[in-house]
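Novice: First, the structure itself, so that you have it in front of you.
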Amino acid sequence: DAAVMDDHGTDGVRSFGMPDVPHGDETVRIYWKIDLYDTDGLMGPEVESDPEQTIRILTVCLPDEY
């Protein structure tokens, strides 16, 4: 498997990956990441697993856009 994953969350949840994705006749690597914020969108929540105080933002981009 060509995908690279790292554990970044305090509870071991995967929050970053670099999978290789088929695109036509070639393969393209993309980056994805999930950032966790409090409900004000300013900083990390006190309890990441509590959906009442956590906003999750998914970002997907090409490596040269990061």
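Here's how to read the names in the structure tokens: chain A, B, ... by the order shown, residue numbers from 1 in each chain, ligand numbers from 1 in the order shown.
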Might you pull out every residue within 6 Å of region 31-33 of chain A, with only C-alpha atoms counted and same-chain residues fewer than 5 positions away left off, and present them as a list in words?
Specialist: Ser15, Phe16, Gly17, Met18, Leu58, Thr59, Val60, Cys61 and Leu62 of chain A
Novice: Please report, as a PyMOL selection string, each residue of region 3-62 of chain A to which DSSP assigns strand (DSSP E or B) when run on this structure's backbone.
Specialist: chain A and resi 4-7+14-18+20-23+26-29+31-37+55-61
Novice: Restricting it to N, CA and C atoms, dump the selection as an mmCIF file, in the first residue's frame.
Specialist:
data_model
loop_
_atom_site.group_PDB
_atom_site.id
_atom_site.type_symbol
_atom_site.label_atom_id
_atom_site.label_comp_id
_atom_site.auth_asym_id
_atom_site.auth_seq_id
_atom_site.Cartn_x
_atom_site.Cartn_y
_atom_site.Cartn_z
ATOM 1 N N VAL A 4 0.455 6.766 3.087
ATOM 2 C CA VAL A 4 1.198 7.041 4.311
ATOM 3 C C VAL A 4 0.235 7.680 5.289
ATOM 4 N N MET A 5 0.203 7.166 6.515
ATOM 5 C CA MET A 5 -0.696 7.707 7.526
ATOM 6 C C MET A 5 0.098 8.030 8.781
ATOM 7 N N ASP A 6 -0.344 9.024 9.514
ATOM 8 C CA ASP A 6 0.252 9.383 10.799
ATOM 9 C C ASP A 6 -0.856 9.557 11.817
ATOM 10 N N ASP A 7 -0.573 9.263 13.081
ATOM 11 C CA ASP A 7 -1.506 9.535 14.159
ATOM 12 C C ASP A 7 -1.160 10.893 14.739
ATOM 13 N N ARG A 14 -6.707 8.901 13.285
ATOM 14 C CA ARG A 14 -5.920 9.345 12.134
ATOM 15 C C ARG A 14 -6.437 10.698 11.660
ATOM 16 N N SER A 15 -5.508 11.651 11.490
ATOM 17 C CA SER A 15 -5.916 12.987 11.093
ATOM 18 C C SER A 15 -5.153 13.494 9.873
ATOM 19 N N PHE A 16 -4.322 12.632 9.262
ATOM 20 C CA PHE A 16 -3.549 13.041 8.091
ATOM 21 C C PHE A 16 -3.235 11.807 7.258
ATOM 22 N N GLY A 17 -3.282 11.955 5.943
ATOM 23 C CA GLY A 17 -2.923 10.847 5.072
ATOM 24 C C GLY A 17 -2.445 11.347 3.729
ATOM 25 N N MET A 18 -1.695 10.486 3.037
ATOM 26 C CA MET A 18 -1.167 10.804 1.713
ATOM 27 C C MET A 18 -1.402 9.616 0.786
ATOM 28 N N ASP A 20 -2.181 7.480 -2.669
ATOM 29 C CA ASP A 20 -1.997 7.575 -4.107
ATOM 30 C C ASP A 20 -3.324 7.179 -4.745
ATOM 31 N N VAL A 21 -3.863 8.050 -5.619
ATOM 32 C CA VAL A 21 -5.187 7.874 -6.192
ATOM 33 C C VAL A 21 -5.072 7.705 -7.703
ATOM 34 N N PRO A 22 -5.708 6.652 -8.265
ATOM 35 C CA PRO A 22 -5.684 6.502 -9.722
ATOM 36 C C PRO A 22 -6.392 7.673 -10.401
ATOM 37 N N HIS A 23 -5.762 8.203 -11.468
ATOM 38 C CA HIS A 23 -6.333 9.306 -12.239
ATOM 39 C C HIS A 23 -5.989 9.068 -13.698
ATOM 40 N N GLU A 26 -2.496 7.468 -14.895
ATOM 41 C CA GLU A 26 -1.436 7.715 -13.921
ATOM 42 C C GLU A 26 -1.986 7.652 -12.502
ATOM 43 N N THR A 27 -1.109 7.832 -11.567
ATOM 44 C CA THR A 27 -1.474 7.864 -10.155
ATOM 45 C C THR A 27 -1.062 9.210 -9.591
ATOM 46 N N VAL A 28 -1.954 9.813 -8.820
ATOM 47 C CA VAL A 28 -1.704 11.127 -8.241
ATOM 48 C C VAL A 28 -1.743 11.003 -6.727
ATOM 49 N N ARG A 29 -0.774 11.584 -6.053
ATOM 50 C CA ARG A 29 -0.779 11.606 -4.593
ATOM 51 C C ARG A 29 -1.569 12.817 -4.128
ATOM 52 N N TYR A 31 -3.046 14.876 -0.436
ATOM 53 C CA TYR A 31 -2.952 15.008 1.015
ATOM 54 C C TYR A 31 -4.354 15.242 1.551
ATOM 55 N N TRP A 32 -4.646 14.632 2.680
ATOM 56 C CA TRP A 32 -5.868 14.985 3.387
ATOM 57 C C TRP A 32 -5.520 15.165 4.849
ATOM 58 N N LYS A 33 -6.260 16.047 5.524
ATOM 59 C CA LYS A 33 -6.062 16.242 6.953
ATOM 60 C C LYS A 33 -7.382 16.677 7.568
ATOM 61 N N ILE A 34 -7.542 16.357 8.836
ATOM 62 C CA ILE A 34 -8.710 16.761 9.595
ATOM 63 C C ILE A 34 -8.215 17.574 10.781
ATOM 64 N N ASP A 35 -8.679 18.822 10.858
ATOM 65 C CA ASP A 35 -8.352 19.688 11.982
ATOM 66 C C ASP A 35 -9.561 19.766 12.906
ATOM 67 N N LEU A 36 -9.306 19.779 14.205
ATOM 68 C CA LEU A 36 -10.367 19.857 15.204
ATOM 69 C C LEU A 36 -10.337 21.226 15.869
ATOM 70 N N TYR A 37 -11.499 21.851 15.954
ATOM 71 C CA TYR A 37 -11.627 23.169 16.565
ATOM 72 C C TYR A 37 -12.753 23.166 17.590
ATOM 73 N N ILE A 55 -15.690 20.933 16.192
ATOM 74 C CA ILE A 55 -15.922 21.108 14.764
ATOM 75 C C ILE A 55 -14.752 20.443 14.046
ATOM 76 N N ARG A 56 -15.045 19.627 13.048
ATOM 77 C CA ARG A 56 -14.008 18.963 12.265
ATOM 78 C C ARG A 56 -13.992 19.574 10.863
ATOM 79 N N ILE A 57 -12.795 19.942 10.410
ATOM 80 C CA ILE A 57 -12.619 20.517 9.074
ATOM 81 C C ILE A 57 -11.727 19.578 8.268
ATOM 82 N N LEU A 58 -12.234 19.094 7.144
ATOM 83 C CA LEU A 58 -11.479 18.223 6.248
ATOM 84 C C LEU A 58 -10.889 19.073 5.131
ATOM 85 N N THR A 59 -9.575 18.931 4.924
ATOM 86 C CA THR A 59 -8.884 19.602 3.826
ATOM 87 C C THR A 59 -8.284 18.530 2.921
ATOM 88 N N VAL A 60 -8.510 18.661 1.629
ATOM 89 C CA VAL A 60 -7.935 17.753 0.622
ATOM 90 C C VAL A 60 -7.220 18.626 -0.393
ATOM 91 N N CYS A 61 -5.953 18.286 -0.702
ATOM 92 C CA CYS A 61 -5.206 19.093 -1.665
ATOM 93 C C CYS A 61 -4.108 18.257 -2.312
#
Novice: For CA of Tyr66 (chain A) and CA of Gly44 (chain A), quote the distance in Å rounded to one decimal.
Specialist: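 Atom-to-atom, CA of Tyr66 (chain A) to CA of Gly44 (chain A), that is 21.1 Å.
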Novice: By how many Å are CA of Glu52 (chain A) and CA of Thr39 (chain A) apart?
Specialist: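 Computing the Euclidean distance for CA of Glu52 (chain A) and CA of Thr39 (chain A) yields 8.0 Å.
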